[in-house]
>>> print(open('run-v4.txt').read())   # compact mmCIF, C-alpha atoms and all ligand atoms
# COMPACT_ATOMS: atom_id res chain seq x y z
CA MET A 202 2.93 -14.00 -13.92
CA THR A 203 0.43 -13.71 -11.14
CA ARG A 204 -3.25 -13.25 -11.80
CA ASP A 205 -3.15 -9.66 -10.60
CA GLY A 206 -0.32 -8.92 -13.02
CA THR A 207 2.24 -7.91 -10.46
CA GLU A 208 5.15 -9.71 -8.99
CA LEU A 209 6.08 -7.08 -6.49
CA PRO A 210 7.34 -8.77 -3.34
CA ARG A 211 4.45 -8.68 -0.90
CA PRO A 212 3.26 -7.07 1.20
CA VAL A 213 2.93 -4.05 -1.07
CA VAL A 214 2.00 -0.64 0.30
CA ALA A 215 0.97 2.13 -2.11
CA LEU A 216 1.63 5.77 -1.25
CA ALA A 217 -0.94 8.06 -2.81
CA GLY A 218 -2.10 11.61 -2.21
CA ASN A 219 -2.56 15.06 -3.63
CA PRO A 220 0.53 16.69 -5.18
CA ASN A 221 2.96 18.22 -2.69
CA THR A 222 1.69 16.49 0.43
CA GLY A 223 5.11 15.02 1.23
CA LYS A 224 4.72 11.54 -0.31
CA SER A 225 8.30 11.41 -1.59
CA THR A 226 9.63 12.84 1.68
CA LEU A 227 7.77 10.10 3.52
CA PHE A 228 8.92 7.51 0.99
CA ASN A 229 12.54 8.57 1.43
CA ALA A 230 12.25 8.65 5.21
CA LEU A 231 10.80 5.13 5.26
CA THR A 232 13.02 3.49 2.68
CA GLY A 233 16.32 5.35 3.08
CA LEU A 234 18.47 4.37 0.12
CA LYS A 235 16.61 1.16 -0.55
CA GLN A 236 14.73 2.46 -3.57
CA HIS A 237 14.71 2.90 -7.28
CA THR A 238 13.24 5.78 -9.25
CA GLY A 239 12.26 5.41 -12.86
CA ASN A 240 9.89 6.61 -15.52
CA TRP A 241 6.73 4.78 -16.42
CA PRO A 242 6.83 3.67 -20.07
CA GLY A 243 5.56 6.33 -22.42
CA LYS A 244 5.10 8.76 -19.56
CA THR A 245 7.27 11.47 -18.19
CA VAL A 246 6.10 10.76 -14.70
CA ALA A 247 8.77 9.59 -12.31
CA CYS A 248 7.78 6.81 -9.95
CA ALA A 249 9.72 5.10 -7.28
CA ARG A 250 9.57 1.87 -5.43
CA GLY A 251 11.55 0.83 -2.41
CA TRP A 252 11.27 -1.23 0.70
CA TYR A 253 11.69 -1.14 4.43
CA ARG A 254 11.85 -3.76 7.12
CA TYR A 255 9.58 -3.72 10.14
CA ASN A 256 8.95 -6.40 12.69
CA GLY A 257 10.67 -9.08 10.64
CA GLN A 258 8.73 -8.21 7.48
CA THR A 259 10.03 -6.61 4.27
CA VAL A 260 7.45 -4.19 2.96
CA THR A 261 7.52 -2.96 -0.65
CA LEU A 262 6.56 0.69 -0.97
CA VAL A 263 5.33 2.23 -4.24
CA ASP A 264 5.39 6.04 -4.47
CA LEU A 265 2.54 6.95 -6.84
CA PRO A 266 2.24 10.23 -8.75
CA GLY A 267 0.40 13.01 -6.93
CA THR A 268 -3.21 13.35 -8.01
CA TYR A 269 -6.27 15.38 -7.09
CA SER A 270 -8.73 12.83 -8.37
CA LEU A 271 -8.95 9.28 -9.67
CA LEU A 272 -11.63 10.29 -12.13
CA SER A 273 -9.78 12.58 -14.48
CA ASP A 274 -7.68 12.22 -17.48
CA SER A 275 -4.04 13.03 -16.89
CA PRO A 276 -1.36 10.31 -17.22
CA GLU A 277 -0.46 10.71 -13.54
CA GLU A 278 -4.02 10.12 -12.48
CA ARG A 279 -4.40 7.10 -14.74
CA ILE A 280 -1.20 5.54 -13.34
CA THR A 281 -2.35 6.05 -9.78
CA ARG A 282 -5.88 4.83 -10.48
CA ASP A 283 -4.66 1.76 -12.36
CA PHE A 284 -2.22 0.78 -9.65
CA LEU A 285 -4.81 1.17 -6.89
CA CYS A 286 -7.47 -0.67 -8.93
CA PHE A 287 -5.45 -3.44 -10.52
CA GLY A 288 -2.18 -3.66 -8.56
CA ARG A 289 -3.95 -5.00 -5.47
CA PRO A 290 -1.84 -3.25 -2.85
CA ASP A 291 -2.00 -4.91 0.56
CA ALA A 292 -2.51 -1.46 2.06
CA THR A 293 -2.69 2.11 0.77
CA VAL A 294 -1.38 5.15 2.63
CA VAL A 295 -3.14 8.32 1.60
CA VAL A 296 -0.78 11.16 2.47
CA VAL A 297 -2.81 14.18 3.47
CA ASP A 298 -1.67 17.77 4.03
CA ALA A 299 -2.72 18.67 7.57
CA THR A 300 -2.67 22.39 6.70
CA CYS A 301 -5.42 21.99 4.10
CA LEU A 302 -7.28 18.91 5.13
CA GLU A 303 -10.52 19.77 3.38
CA ARG A 304 -8.91 19.99 -0.05
CA ASN A 305 -7.51 16.47 0.44
CA LEU A 306 -10.79 14.84 1.41
CA ASN A 307 -12.04 14.32 -2.15
CA LEU A 308 -9.15 12.03 -3.01
CA ILE A 309 -9.20 10.11 0.25
CA PHE A 310 -12.90 9.32 -0.17
CA GLN A 311 -12.29 8.20 -3.76
CA ILE A 312 -9.41 5.96 -2.73
CA MET A 313 -11.52 4.47 0.04
CA GLU A 314 -14.05 3.44 -2.65
CA VAL A 315 -11.30 1.52 -4.47
CA ASN A 316 -9.37 -0.07 -1.61
CA THR A 317 -10.60 -0.72 1.89
CA ARG A 318 -7.23 -1.25 3.57
CA VAL A 319 -6.46 2.46 3.79
CA VAL A 320 -4.42 4.37 6.34
CA ALA A 321 -4.50 8.17 6.28
CA CYS A 322 -1.16 9.80 7.08
CA LEU A 323 -1.79 13.34 8.27
CA ASN A 324 1.51 14.87 7.18
CA LEU A 325 2.97 18.36 7.68
CA MET A 326 1.74 18.36 11.27
CA ASP A 327 4.69 20.59 12.21
CA GLU A 328 3.46 23.22 9.77
CA ALA A 329 -0.13 22.82 10.99
CA ARG A 330 1.05 23.34 14.59
CA ARG A 331 3.03 26.41 13.56
CA ARG A 332 -0.10 27.89 12.00
CA GLY A 333 -2.21 27.07 15.06
CA ILE A 334 -4.30 24.50 13.19
CA ARG A 335 -5.64 21.84 15.54
CA ILE A 336 -7.01 18.56 14.23
CA ASP A 337 -9.05 16.14 16.32
CA VAL A 338 -7.31 13.00 15.05
CA PRO A 339 -9.56 10.40 16.76
CA ALA A 340 -12.67 12.20 15.46
CA LEU A 341 -11.22 12.27 11.93
CA ALA A 342 -10.44 8.56 12.13
CA ARG A 343 -14.02 7.88 13.24
CA GLU A 344 -15.49 9.99 10.44
CA LEU A 345 -13.34 8.35 7.78
CA GLY A 346 -13.54 4.86 9.25
CA VAL A 347 -9.79 4.30 8.76
CA PRO A 348 -6.73 4.77 10.98
CA VAL A 349 -5.24 8.26 10.91
CA VAL A 350 -1.55 8.69 11.76
CA PRO A 351 -0.24 12.22 12.36
CA ALA A 352 3.27 12.77 11.00
CA ALA A 353 5.91 15.29 10.04
CA ALA A 354 7.86 13.26 7.50
CA ARG A 355 10.58 15.86 7.06
CA ARG A 356 11.49 15.54 10.74
CA GLY A 357 10.88 11.80 10.91
CA GLU A 358 7.90 12.25 13.25
CA GLY A 359 5.19 9.60 13.20
CA LEU A 360 7.09 7.05 11.12
CA THR A 361 7.17 4.30 13.75
CA LEU A 362 3.45 4.62 14.42
CA LEU A 363 2.78 4.57 10.67
CA LYS A 364 4.83 1.39 10.20
CA GLU A 365 3.15 -0.25 13.19
CA THR A 366 -0.32 0.70 11.93
CA LEU A 367 0.46 -0.63 8.45
CA HIS A 368 1.83 -3.82 9.96
CA ARG A 369 -1.42 -4.35 11.86
CA VAL A 370 -3.54 -3.61 8.79
CA ILE A 371 -1.48 -5.99 6.64
CA GLU A 372 -1.66 -8.70 9.31
CA GLY A 373 -5.42 -8.24 9.56
CA ARG A 374 -5.28 -7.08 13.17
CA ILE A 375 -6.83 -3.73 12.24
CA HIS A 376 -9.74 -3.76 9.80
CA PRO A 377 -10.29 -0.32 8.28
CA ALA A 378 -13.96 0.23 7.51
CA PRO A 379 -14.07 3.24 5.17
CA ARG A 380 -17.29 5.21 5.33
CA PRO A 381 -18.63 5.65 1.82
CA VAL A 382 -19.73 9.04 0.58
CA SER A 383 -23.50 9.26 0.18
CA TYR A 384 -24.23 11.01 -3.08
CA ASP A 385 -27.64 12.48 -3.83
CA PRO A 386 -30.46 9.92 -4.03
CA GLU A 387 -30.73 9.97 -7.83
CA LEU A 388 -27.04 9.25 -8.26
CA GLU A 389 -27.04 6.64 -5.51
CA ALA A 390 -29.93 4.85 -7.24
CA ALA A 391 -28.04 4.82 -10.57
CA VAL A 392 -24.85 3.61 -8.87
CA ALA A 393 -26.73 0.85 -7.04
CA GLU A 394 -28.42 -0.34 -10.24
CA LEU A 395 -25.20 -0.44 -12.24
CA ALA A 396 -23.18 -1.92 -9.34
CA ALA A 397 -25.71 -4.77 -9.11
CA ASP A 398 -25.07 -5.61 -12.77
CA LEU A 399 -21.33 -5.51 -12.06
CA ALA A 400 -21.50 -7.61 -8.89
CA VAL A 401 -19.44 -10.38 -10.49
CA LEU A 402 -16.41 -8.07 -10.43
CA SER A 403 -16.12 -8.41 -6.67
CA ARG A 404 -14.93 -11.98 -7.26
CA GLU A 405 -11.95 -10.42 -9.05
CA GLY A 406 -11.23 -8.11 -6.14
CA LEU A 407 -12.71 -5.03 -7.83
CA ASN A 408 -15.33 -2.94 -6.08
CA PRO A 409 -18.46 -2.85 -8.30
CA ARG A 410 -19.56 0.42 -6.73
CA TRP A 411 -16.27 2.06 -7.68
CA VAL A 412 -16.44 0.76 -11.25
CA ALA A 413 -20.04 2.00 -11.48
CA LEU A 414 -18.95 5.45 -10.29
CA CYS A 415 -16.16 5.54 -12.91
CA LEU A 416 -18.57 4.59 -15.69
CA ILE A 417 -21.20 7.10 -14.60
CA ALA A 418 -18.46 9.76 -14.51
CA GLY A 419 -17.91 8.89 -18.21
CA ASP A 420 -14.57 7.15 -17.79
CA GLU A 421 -14.83 4.35 -20.32
CA SER A 422 -11.06 3.83 -20.41
CA ILE A 423 -11.48 1.49 -17.48
CA ILE A 424 -13.52 -1.04 -19.51
CA PRO A 425 -10.70 -2.61 -21.57
CA LYS A 426 -8.49 -2.61 -18.48
CA ILE A 427 -11.07 -4.54 -16.51
CA ARG A 428 -11.46 -6.99 -19.38
CA THR A 429 -7.70 -7.55 -19.55
CA PHE A 430 -7.47 -7.81 -15.77
CA CYS A 431 -10.28 -10.33 -15.55
CA ASN A 432 -8.71 -12.39 -18.33
CA GLY A 433 -5.64 -12.76 -16.15
CA LYS A 434 -3.48 -10.50 -18.28
CA GLU A 435 -1.65 -7.55 -16.91
CA THR A 436 -2.02 -3.86 -17.55
CA GLN A 437 0.85 -1.81 -18.86
CA GLY A 438 1.42 -0.09 -15.54
CA ASP A 439 1.56 -3.40 -13.71
CA THR A 440 4.02 -4.82 -16.24
CA HIS A 441 6.19 -1.84 -15.68
CA VAL A 442 6.14 -2.18 -11.94
CA ARG A 443 6.77 -5.93 -12.16
CA ASN A 444 9.77 -5.34 -14.40
CA ARG A 445 11.24 -2.77 -12.16
CA VAL A 446 10.96 -4.23 -8.74
CA THR A 447 13.59 -6.62 -7.53
CA PRO A 448 14.66 -5.73 -4.01
N1 LIG B 501 7.13 21.37 7.05
C1 LIG B 501 7.11 20.19 6.45
N2 LIG B 501 7.38 20.13 5.15
C2 LIG B 501 7.34 18.91 4.57
C3 LIG B 501 6.99 17.73 5.27
N3 LIG B 501 6.99 16.71 4.40
C4 LIG B 501 7.33 17.22 3.21
N4 LIG B 501 7.54 18.54 3.30
C5 LIG B 501 7.93 19.46 2.23
O1 LIG B 501 6.85 19.53 1.30
C6 LIG B 501 7.36 19.70 -0.03
C7 LIG B 501 6.79 18.64 -0.93
O2 LIG B 501 7.31 17.39 -0.52
P1 LIG B 501 7.37 16.12 -1.50
O3 LIG B 501 7.81 14.99 -0.65
O4 LIG B 501 8.13 16.43 -2.71
O5 LIG B 501 5.82 16.00 -1.86
P2 LIG B 501 5.13 14.98 -2.87
O6 LIG B 501 3.82 14.64 -2.28
O7 LIG B 501 6.05 13.86 -3.15
O8 LIG B 501 4.92 15.88 -4.14
P3 LIG B 501 4.53 15.37 -5.64
O9 LIG B 501 5.42 14.21 -5.97
O10 LIG B 501 4.77 16.59 -6.47
O11 LIG B 501 3.09 15.00 -5.59
C8 LIG B 501 8.88 19.64 0.11
O12 LIG B 501 9.38 20.97 0.13
C9 LIG B 501 9.10 18.95 1.43
O13 LIG B 501 10.33 19.30 2.04
C10 LIG B 501 6.72 17.86 6.67
O14 LIG B 501 6.39 16.90 7.38
N5 LIG B 501 6.77 19.11 7.19
MG MG B 502 6.77 13.07 -5.01
>>> encode(input="run-v4.txt", output="structure tokens")
Amino acid sequence: MTRDGTELPRPVVALAGNPNTGKSTLFNALTGLKQHTGNWPGKTVACARGWYRYNGQTVTLVDLPGTYSLLSDSPEERITRDFLCFGRPDATVVVVDATCLERNLNLIFQIMEVNTRVVACLNLMDEARRRGIRIDVPALARELGVPVVPAAARRGEGLTLLKETLHRVIEGRIHPAPRPVSYDPELEAAVAELAADLAVLSREGLNPRWVALCLIAGDESIIPKIRTFCNGKETQGDTHVRNRVTP
């Protein structure tokens, strides 16, 4: 067992995003038949993992349940949060619906607090074009601080650029630098104070600021998971993924 509790063949790329943004369509387009779908233990949520080859590298892809937030209470959201927090993906693709970008921003900013190696995939670009929606992709990438790849997964558009961008992020040739959300000064002060007390967590690969935000949002369920994680044991979700993945 590895310290992070997963034995997924690396590199591992997580696919996250709001429900119905085309994650599974993208997953299928990238992996073809090289995948496995199963249920997480005790949950009714179907998850899939698969892999693709690019530039001599085999990349494991994990299709996470759709979620609007990492700070709420549904099983889907917990699975996604736990994998992003404790599964240590080498990169995370946040699949975003280009026809309702604003609604997707909350999740992308939350995910960027958890993992820095984020690529935004602006999916459903065909539908956005049809509706006359124009998106300034370079400006969006600048504002977010991470690469943005436009795509239309259903037609296979943008897949090569996405794989190339992920390859560069994984190889450390692109360094995403997510821009954090600035909350109001009172909240920022509380987050900074708590994050300072939690600074030791960064040695474990956890972002103290993110953990502070979770705790201030009242999510105490993360505490035992952090304890288990830091003790070198695995979380249930990680065990499940480890057991299921054998490309
Ligand atoms: N027009 C268009 N439709 C797409 C595209 N990608 C996905 N869709 C459609 O969007 C719908 C949702 O796609 P899914 O791949 O199931 O979305 P998902 O994000 O996996 O959804 P959840 O698992 O429920 O969160 C399906 O009807 C897809 O055919 C795209 O690039 N363009
Ligand atoms: Mg899906």
>>> atom_distance(input="run-v4.txt", atom1="atom CA of A:His376", atom2="atom CA of A:Ala354")
24.6 Å
>>> closest_atom_pairs(input="run-v4.txt", of="stretch 249-324 of chain A", to="stretch 332-345 of chain A", cutoff="12 Å", atoms="all atoms listed in the file", output="tab-separated table")
residue	atom	partner	partner_atom	distance
A:Val295	CA	A:Leu345	CA	11.9
A:Asp298	CA	A:Ile336	CA	11.5
A:Ala299	CA	A:Ile336	CA	7.9
A:Thr300	CA	A:Ile334	CA	7.0
A:Cys301	CA	A:Ile334	CA	9.5
A:Leu302	CA	A:Ile336	CA	9.1
A:Glu303	CA	A:Leu341	CA	11.4
A:Leu306	CA	A:Leu345	CA	9.4
A:Asn307	CA	A:Leu345	CA	11.7
A:Ile309	CA	A:Leu345	CA	8.8
A:Phe310	CA	A:Leu345	CA	8.0
A:Gln311	CA	A:Leu345	CA	11.6
A:Ile312	CA	A:Leu345	CA	11.5
A:Met313	CA	A:Leu345	CA	8.8
A:Glu314	CA	A:Leu345	CA	11.5
A:Thr317	CA	A:Leu345	CA	11.2
A:Val319	CA	A:Leu345	CA	9.9
A:Val320	CA	A:Ala342	CA	9.3
A:Ala321	CA	A:Ala342	CA	8.3
A:Cys322	CA	A:Val338	CA	10.6
A:Leu323	CA	A:Val338	CA	8.7
A:Asn324	CA	A:Ile336	CA	11.7
>>> axis_aligned_box(input="run-v4.txt", around="stretch 388-392 of chain A", padding_each_side="3 Å", output="lines of an AutoDock Vina configuration file")
center_x = -27.4
center_y = 6.4
center_z = -8.0
size_x = 11.1
size_y = 11.6
size_z = 11.1
>>> residues_near_ligand(input="run-v4.txt", ligand="ligand LIG 501 (chain B)", cutoff="9 Å", atoms="all atoms listed in the file", output="ChimeraX atom specification")
/A:217-229,247-248,264-268,296-298,323-329,352-358
>>> closest_residue(input="run-v4.txt", among="A:Val263, A:Val213, A:Val382, A:Gln258", to="ligand MG 502 (chain B)", atoms="only C-alpha atoms and all ligand atoms")
A:Val263
>>> atom_distance(input="run-v4.txt", atom1="atom CA of A:Leu407", atom2="atom CA of A:Ile427")
8.8 Å
>>> residues_near_point(input="run-v4.txt", point="(2.2, -6.7, -4.4)", cutoff="7 Å", atoms="only C-alpha atoms", output="list in words")
Thr207, Glu208, Leu209, Pro210, Arg211, Pro212, Val213, Gly288, Arg289, Pro290 and Asp291 of chain A
>>> closest_residue(input="run-v4.txt", among="A:Val412, A:Ala249, A:Cys286, A:Leu231", to="ligand MG 502 (chain B)", atoms="all atoms listed in the file")
A:Ala249
>>> closest_residue(input="run-v4.txt", among="A:Ile280, A:Leu416, A:Leu367, A:Ser275", to="A:Ala391", atoms="all atoms listed in the file")
A:Leu416
>>> atom_distance(input="run-v4.txt", atom1="atom CA of A:Arg254", atom2="atom CA of A:Thr293")
16.9 Å
>>> closest_residue(input="run-v4.txt", among="A:Asp420, A:Thr261, A:Glu277, A:Glu372", to="ligand MG 502 (chain B)", atoms="all atoms listed in the file")
A:Glu277
>>> closest_residue(input="run-v4.txt", among="A:Ser403, A:Ser422, A:Thr232, A:Thr361", to="A:Arg250", atoms="only C-alpha atoms")
A:Thr232
>>> closest_residue(input="run-v4.txt", among="A:Leu272, A:Arg331, A:Gly251, A:Leu402", to="A:Glu421", atoms="all atoms listed in the file")
A:Leu272
